[in-house]
$ cat run.txt   # compact mmCIF, C-alpha atoms
# COMPACT_ATOMS: atom_id res chain seq x y z
CA MET A 235 8.30 22.66 -10.56
CA THR A 236 9.98 19.89 -12.47
CA THR A 237 8.71 16.60 -13.79
CA PRO A 238 10.76 13.40 -13.49
CA ASP A 239 13.14 12.71 -16.35
CA ALA A 240 15.41 9.68 -16.22
CA GLU A 241 18.87 9.71 -17.71
CA GLN A 242 20.65 6.44 -18.30
CA GLY A 243 24.24 6.26 -19.47
CA GLY A 244 27.80 5.44 -18.68
CA VAL A 245 30.00 7.15 -16.12
CA ALA A 246 32.29 9.65 -17.79
CA GLY A 247 35.98 9.49 -17.21
CA GLU A 248 36.10 5.86 -16.12
CA THR A 249 38.68 3.53 -17.58
CA GLU A 250 38.57 -0.22 -17.46
CA ALA A 251 40.79 -1.68 -14.77
CA THR A 252 42.90 -4.61 -15.86
CA PRO A 253 44.68 -7.29 -13.90
CA GLU A 254 48.43 -7.55 -13.92
CA ASP A 255 48.52 -9.59 -17.14
CA GLY A 256 46.82 -6.73 -18.99
CA ALA A 257 43.60 -8.63 -19.84
CA PRO A 258 40.36 -6.97 -18.67
CA ARG A 259 38.24 -8.91 -16.26
CA PRO A 260 35.08 -10.36 -17.91
CA GLU A 261 32.85 -8.64 -15.36
CA GLU A 262 34.44 -5.18 -15.73
CA ARG A 263 32.02 -3.82 -18.35
CA LEU A 264 29.05 -5.27 -16.46
CA GLU A 265 30.20 -3.62 -13.24
CA ARG A 266 30.50 -0.25 -14.99
CA ALA A 267 27.03 -0.67 -16.50
CA VAL A 268 25.57 -1.52 -13.09
CA ARG A 269 27.20 1.52 -11.47
CA ALA A 270 25.89 3.81 -14.21
CA ALA A 271 22.38 2.32 -13.96
CA GLU A 272 22.39 2.66 -10.17
CA GLN A 273 23.39 6.32 -10.37
CA ALA A 274 20.76 7.06 -13.01
CA LEU A 275 18.09 5.32 -10.94
CA ILE A 276 19.04 7.33 -7.85
CA GLU A 277 18.70 10.57 -9.79
CA TYR A 278 15.36 9.47 -11.22
CA GLU A 279 14.05 8.47 -7.78
CA ILE A 280 15.05 11.89 -6.46
CA ALA A 281 13.18 13.57 -9.34
CA VAL A 282 10.04 11.48 -8.80
CA GLU A 283 10.06 12.07 -5.04
CA THR A 284 10.61 15.81 -5.54
CA PHE A 285 7.66 15.93 -7.91
CA ARG A 286 5.52 13.93 -5.48
CA VAL A 287 6.29 16.38 -2.67
CA GLU A 288 5.46 19.33 -4.94
CA ILE A 289 2.11 17.75 -5.78
CA GLU A 290 1.43 16.99 -2.12
CA ASN A 291 2.21 20.56 -1.06
CA PHE A 292 0.13 22.04 -3.88
CA SER A 293 -2.74 19.72 -3.01
CA ARG A 294 -2.60 20.87 0.60
CA LEU A 295 -2.63 24.53 -0.42
CA HIS A 296 -5.42 23.83 -2.90
CA HIS A 297 -7.54 22.28 -0.15
CA GLN A 298 -6.81 25.01 2.40
CA LYS A 299 -7.42 27.91 0.05
CA LEU A 300 -10.15 26.59 -2.22
CA GLY A 301 -11.82 23.92 -0.07
CA PRO A 302 -14.22 26.35 1.65
CA MET A 303 -15.25 27.78 -1.73
CA TYR A 304 -16.02 24.32 -3.11
CA ALA A 305 -18.01 23.55 0.06
CA ARG A 306 -19.94 26.82 -0.33
CA LEU A 307 -20.75 25.98 -3.94
CA GLU A 308 -22.04 22.53 -2.96
CA GLU A 309 -24.23 24.07 -0.24
CA LEU A 310 -25.61 26.66 -2.65
CA ASP A 311 -26.31 23.97 -5.26
CA ALA A 312 -28.25 21.98 -2.67
CA GLN A 313 -30.23 25.04 -1.53
CA ILE A 314 -31.05 26.01 -5.13
CA ALA A 315 -32.26 22.48 -5.89
CA GLU A 316 -34.34 22.43 -2.69
CA ALA A 317 -35.88 25.78 -3.55
CA LYS A 318 -36.78 24.57 -7.05
CA ALA A 319 -38.25 21.33 -5.67
CA ALA A 320 -40.32 23.23 -3.10
CA ARG A 321 -41.69 25.49 -5.84
CA THR A 322 -42.46 22.81 -8.48
CA GLY A 323 -43.13 19.70 -6.40
CA ASP A 324 -41.78 17.70 -9.33
CA PRO A 325 -40.50 14.23 -8.28
CA GLU A 326 -37.40 14.64 -10.41
CA ASP A 327 -36.64 17.99 -8.76
CA LEU A 328 -37.16 16.41 -5.36
CA ARG A 329 -34.81 13.55 -6.25
CA ARG A 330 -32.20 16.00 -7.49
CA ALA A 331 -32.45 18.06 -4.29
CA GLN A 332 -32.04 14.99 -2.12
CA GLU A 333 -29.05 13.88 -4.18
CA LEU A 334 -27.27 17.22 -3.85
CA ARG A 335 -28.05 17.48 -0.14
CA ALA A 336 -26.59 14.00 0.40
CA ARG A 337 -23.34 15.19 -1.14
CA VAL A 338 -23.14 18.03 1.36
CA LEU A 339 -24.07 15.94 4.41
CA PRO A 340 -23.13 12.33 3.64
CA MET A 341 -24.56 9.89 6.14
CA PRO A 342 -22.26 7.08 7.28
CA SER A 343 -23.43 3.58 6.45
CA VAL A 344 -24.49 1.07 9.08
CA GLU A 345 -21.32 -0.89 8.43
CA GLU A 346 -19.22 2.20 9.13
CA LEU A 347 -21.13 3.02 12.32
CA PHE A 348 -20.96 -0.53 13.66
CA HIS A 349 -17.75 -1.78 12.07
CA GLY A 350 -16.61 -4.82 14.02
CA TRP A 351 -19.83 -4.89 16.04
CA MET A 352 -22.42 -6.39 13.73
CA ASP A 353 -23.03 -8.00 10.37
CA GLY A 354 -26.11 -8.70 8.26
CA ASP A 355 -27.50 -11.00 10.95
CA GLY A 356 -27.27 -8.41 13.74
CA LEU A 357 -24.89 -7.77 16.60
CA PHE A 358 -22.11 -10.22 17.26
CA PRO A 359 -22.68 -12.12 20.57
CA GLU A 360 -19.54 -10.53 22.04
CA SER A 361 -20.77 -7.05 21.06
CA ALA A 362 -24.21 -7.64 22.59
CA ALA A 363 -22.59 -8.88 25.79
CA MET A 364 -20.43 -5.77 26.11
CA LEU A 365 -23.37 -3.42 25.43
CA THR A 366 -25.50 -5.11 28.11
CA ASP A 367 -22.66 -5.36 30.67
CA GLN A 368 -22.69 -9.15 30.47
CA PRO A 369 -19.49 -11.15 30.68
CA VAL A 370 -17.92 -11.84 27.32
CA ARG A 371 -17.79 -15.53 26.46
CA PRO A 372 -14.18 -16.71 26.36
CA PRO A 373 -12.99 -18.28 23.11
CA GLN A 374 -13.45 -22.00 22.78
CA ARG A 375 -10.32 -23.92 23.72
CA VAL A 376 -8.76 -26.20 21.14
CA ARG A 377 -8.23 -29.77 22.27
CA PRO A 378 -5.89 -31.57 19.85
CA SER A 379 -6.99 -34.96 18.59
CA GLU A 380 -5.20 -38.15 19.57
CA GLU A 381 -3.54 -38.27 16.14
CA ALA A 382 -2.36 -34.67 16.51
CA ARG A 383 -0.93 -35.47 19.92
CA ARG A 384 0.85 -38.53 18.52
CA LEU A 385 2.33 -36.52 15.63
CA TYR A 386 3.44 -33.81 18.00
CA ARG A 387 5.21 -36.17 20.38
CA ASP A 388 6.92 -37.94 17.48
CA LEU A 389 8.15 -34.69 15.95
CA ALA A 390 9.26 -33.27 19.29
CA ARG A 391 11.39 -36.36 19.89
CA LYS A 392 12.93 -36.34 16.40
CA ALA A 393 13.54 -32.62 16.03
CA HIS A 394 14.57 -31.71 19.56
CA PRO A 395 17.41 -29.13 19.46
CA ASP A 396 19.42 -31.04 22.04
CA LEU A 397 20.02 -33.75 19.44
CA ALA A 398 21.96 -31.31 17.22
CA GLN A 399 25.74 -31.71 16.91
CA GLU A 400 26.50 -28.19 15.69
CA GLU A 401 25.03 -24.70 16.06
CA GLY A 402 23.53 -24.41 12.56
CA GLU A 403 21.61 -27.64 13.00
CA ARG A 404 20.44 -26.56 16.46
CA LYS A 405 19.03 -23.33 15.03
CA ARG A 406 17.24 -25.24 12.26
CA ARG A 407 15.66 -27.58 14.79
CA GLU A 408 14.59 -24.72 17.05
CA GLU A 409 12.85 -22.95 14.16
CA PHE A 410 11.20 -26.16 13.02
CA LEU A 411 9.99 -27.02 16.52
CA THR A 412 8.48 -23.54 16.84
CA ARG A 413 6.34 -24.31 13.78
CA VAL A 414 5.41 -27.67 15.28
CA ASN A 415 4.33 -26.04 18.56
CA THR A 416 2.22 -23.48 16.70
CA ALA A 417 0.42 -26.16 14.69
CA TYR A 418 -0.16 -28.26 17.81
CA ALA A 419 -1.57 -25.27 19.71
CA ARG A 420 -4.17 -24.90 16.95
CA GLY A 421 -4.86 -28.62 16.91
CA ASP A 422 -4.00 -28.61 13.20
CA GLU A 423 -3.57 -32.28 12.44
CA ALA A 424 -3.06 -31.73 8.71
CA GLU A 425 -0.27 -29.21 9.31
CA LEU A 426 1.44 -31.57 11.75
CA ARG A 427 1.30 -34.34 9.15
CA GLU A 428 2.89 -32.02 6.56
CA LEU A 429 5.59 -31.07 9.03
CA SER A 430 6.26 -34.74 9.67
CA GLU A 431 6.73 -35.34 5.94
CA GLU A 432 8.97 -32.27 5.72
CA TRP A 433 11.19 -33.53 8.53
CA THR A 434 11.41 -36.99 6.98
CA ALA A 435 12.51 -35.44 3.68
CA GLY A 436 15.40 -33.72 5.43
CA PRO A 437 16.85 -30.23 5.06
CA VAL A 438 16.67 -28.54 1.69
CA PRO A 439 20.11 -28.60 0.05
CA GLU A 440 21.78 -25.24 -0.34
CA GLU A 441 21.34 -23.69 -3.75
CA ARG A 442 24.33 -23.06 -5.96
CA ARG A 443 25.55 -19.52 -5.50
CA PRO A 444 25.32 -17.45 -8.68
CA SER A 445 28.50 -16.30 -10.36
CA ARG A 446 29.59 -12.69 -10.27
CA SER A 447 28.36 -12.18 -13.83
CA GLU A 448 24.96 -13.69 -12.97
CA GLU A 449 24.67 -11.40 -9.96
CA LEU A 450 25.46 -8.36 -12.11
CA TYR A 451 22.93 -9.35 -14.79
CA ALA A 452 20.31 -9.88 -12.09
CA ARG A 453 21.13 -6.48 -10.62
CA LEU A 454 20.73 -4.82 -14.02
CA GLU A 455 17.38 -6.54 -14.50
CA TRP A 456 16.17 -5.37 -11.09
CA LEU A 457 17.29 -1.79 -11.82
CA ALA A 458 15.40 -1.85 -15.14
CA GLN A 459 12.24 -3.13 -13.42
CA ARG A 460 12.55 -0.48 -10.73
CA LYS A 461 12.91 2.19 -13.40
CA GLU A 462 9.74 0.97 -15.14
CA LEU A 463 7.85 1.07 -11.85
CA LEU A 464 8.99 4.63 -11.15
CA THR A 465 7.99 5.62 -14.67
CA VAL A 466 4.44 4.40 -13.99
CA VAL A 467 4.37 6.32 -10.69
CA ALA A 468 5.64 9.49 -12.39
CA ARG A 469 3.04 9.19 -15.15
CA GLU A 470 0.23 8.75 -12.63
CA LEU A 471 1.42 11.82 -10.73
CA GLU A 472 1.58 13.90 -13.89
CA GLU A 473 -1.81 12.74 -15.17
CA GLY A 474 -3.60 13.13 -11.83
CA ALA A 475 -5.88 16.07 -11.09
CA ILE A 476 -3.28 18.05 -9.13
CA GLY A 477 -0.44 17.15 -11.50
CA SER A 478 -2.50 18.29 -14.47
CA MET A 479 -3.22 21.58 -12.72
CA LEU A 480 0.47 22.12 -12.03
CA LYS A 481 1.20 21.72 -15.73
CA LEU A 482 -0.88 24.84 -16.36
CA ALA A 483 1.49 27.01 -14.31
CA PRO A 484 4.66 25.05 -13.56
CA ASP A 485 6.68 28.15 -12.62
CA ASP A 486 4.03 29.96 -10.56
CA PRO A 487 1.50 27.60 -8.96
CA ASP A 488 0.43 30.28 -6.44
CA ARG A 489 -0.81 32.44 -9.31
CA LEU A 490 -2.84 29.47 -10.57
CA LEU A 491 -4.53 29.13 -7.17
CA ASP A 492 -5.39 32.82 -7.22
CA GLU A 493 -6.93 32.52 -10.67
CA ILE A 494 -9.00 29.49 -9.64
CA ALA A 495 -10.10 31.32 -6.48
CA GLU A 496 -11.34 34.26 -8.57
CA GLN A 497 -13.33 31.89 -10.80
CA LEU A 498 -14.86 30.16 -7.78
CA LEU A 499 -15.79 33.47 -6.17
CA ALA A 500 -17.57 34.46 -9.39
CA GLU A 501 -19.44 31.13 -9.37
CA VAL A 502 -20.40 31.62 -5.72
CA ALA A 503 -21.76 35.08 -6.51
CA GLY A 504 -23.76 33.67 -9.41
CA ARG A 505 -25.24 30.88 -7.29
CA GLU A 506 -26.15 33.29 -4.50
CA ALA A 507 -27.95 35.53 -6.99
CA GLU A 508 -29.81 32.53 -8.42
CA LEU A 509 -30.84 31.38 -4.94
CA ALA A 510 -31.98 34.87 -3.97
CA ALA A 511 -34.13 35.04 -7.10
CA LEU A 512 -35.74 31.67 -6.34
CA VAL A 513 -36.42 32.50 -2.70
CA GLY A 514 -37.82 35.91 -3.70
CA GLN A 515 -40.27 34.24 -6.05
$ encode --input "run.txt" --output "structure tokens"
Amino acid sequence: MTTPDAEQGGVAGETEATPEDGAPRPEERLERAVRAAEQALIEYEIAVETFRVEIENFSRLHHQKLGPMYARLEELDAQIAEAKAARTGDPEDLRRAQELRARVLPMPSVEELFHGWMDGDGLFPESAAMLTDQPVRPPQRVRPSEEARRLYRDLARKAHPDLAQEEGERKRREEFLTRVNTAYARGDEAELRELSEEWTAGPVPEERRPSRSEELYARLEWLAQRKELLTVVARELEEGAIGSMLKLAPDDPDRLLDEIAEQLLAEVAGREAELAALVGQ
């Protein structure tokens, strides 16, 4: 089992390419730095994903092998508490018994049982109709206002794709008219007014394309941010319950499961003896 460990650095053996006049291109060093950072990030992502899979597999084995023992311990704890409460009648013992029993047999909440069917005020009308075999009321139709209809007709005339002189403009008009149709179908007068103002303002001018150096700097910044994100993920994996367990036996996790199983079996035996003593009393 290995934990993620990033390595950043240059690419060995590379030499700077130069144009015919012998002067290196200004972007050459940036390009080499980007390639090195990309390679290091790939290796780090592989290490993090490998570690994640190891944790996932160990977690699955942990659940399969030890899950029944944990469940048995919870059941024994509940039975011991119930036996104590039955013998003492103490309210605190009764509360403790109920608390432990609830952990063993958790009851779903009303919201979970009737998710999507009811809220704090009771069943939704549609839910009640379905449960009583009554027809479900269709949704109320939206009737656009006169102003919405006027805005729609005006925009449809101005932005119709057939008025375009070239393909790019036709595509822009088609996309814009799709938004207009959607707003009109909802009867959204405010949205139609905003679309009208947007059309009047005209298309947004194309942004200046960044230079090659700007693109490379932006790429380096993104790679650094990605590395920081992966570092957080790796740390959470390592500090989690399963990751912390793996640290105890990184080279032989199966042996660790066996040791934990032996401890749990001893705890089960102790609980069973305690319960038998209480029941015998």
$ residues_around --input "run.txt" --residues "region 488-502 of chain A" --least-positions-apart "6" --cutoff "8 Å" --atoms "all atoms listed in the file" --output "ChimeraX atom specification"
/A:296,299-300,303-304,306-307,310,482
$ residues_around --input "run.txt" --residues "Leu264 (chain A)" --least-positions-apart "4" --cutoff "12 Å" --atoms "all atoms listed in the file" --output "ChimeraX atom specification"
/A:244,250,258-260,268-271,446-455
$ closest_residue --input "run.txt" --among "A:Gly402, A:Leu397, A:Ala390, A:Ala468" --to "Ser430 (chain A)" --atoms "all atoms listed in the file"
A:Ala390
$ residues_around --input "run.txt" --residues "Phe410 (chain A)" --least-positions-apart "6" --cutoff "9 Å" --atoms "all atoms listed in the file" --output "PyMOL selection string"
chain A and resi 393+429+433
$ closest_residue --input "run.txt" --among "A:Gln459, A:Ser445, A:Gln332, A:Gln313" --to "Ala510 (chain A)" --atoms "only C-alpha atoms"
A:Gln313
$ residues_around --input "run.txt" --residues "Ile314 (chain A)" --least-positions-apart "3" --cutoff "10 Å" --atoms "only C-alpha atoms" --output "MDAnalysis selection string"
chainID A and resid 308:311 317:320 331 334 505:506 508:513
$ atom_distance --input "run.txt" --atom1 "CA of Phe292 (chain A)" --atom2 "CA of Glu472 (chain A)"
13.0 Å
$ residues_around --input "run.txt" --residues "Arg413 (chain A)" --least-positions-apart "6" --cutoff "10 Å" --atoms "all atoms listed in the file" --output "ChimeraX atom specification"
/A:407,419,425-426,429
$ closest_residue --input "run.txt" --among "A:Leu464, A:Ala458, A:Ala315, A:Val338" --to "Glu279 (chain A)" --atoms "all atoms listed in the file"
A:Leu464
$ atom_distance --input "run.txt" --atom1 "CA of Glu473 (chain A)" --atom2 "CA of Arg286 (chain A)"
12.2 Å
$ atom_distance --input "run.txt" --atom1 "CA of Asp422 (chain A)" --atom2 "CA of Glu381 (chain A)"
10.1 Å
$ closest_residue --input "run.txt" --among "A:Glu277, A:Glu428, A:Glu403, A:Glu423" --to "Pro378 (chain A)" --atoms "only C-alpha atoms"
A:Glu423
$ closest_residue --input "run.txt" --among "A:Gly504, A:Gly436, A:Gly477, A:Pro487" --to "Ile289 (chain A)" --atoms "only C-alpha atoms"
A:Gly477
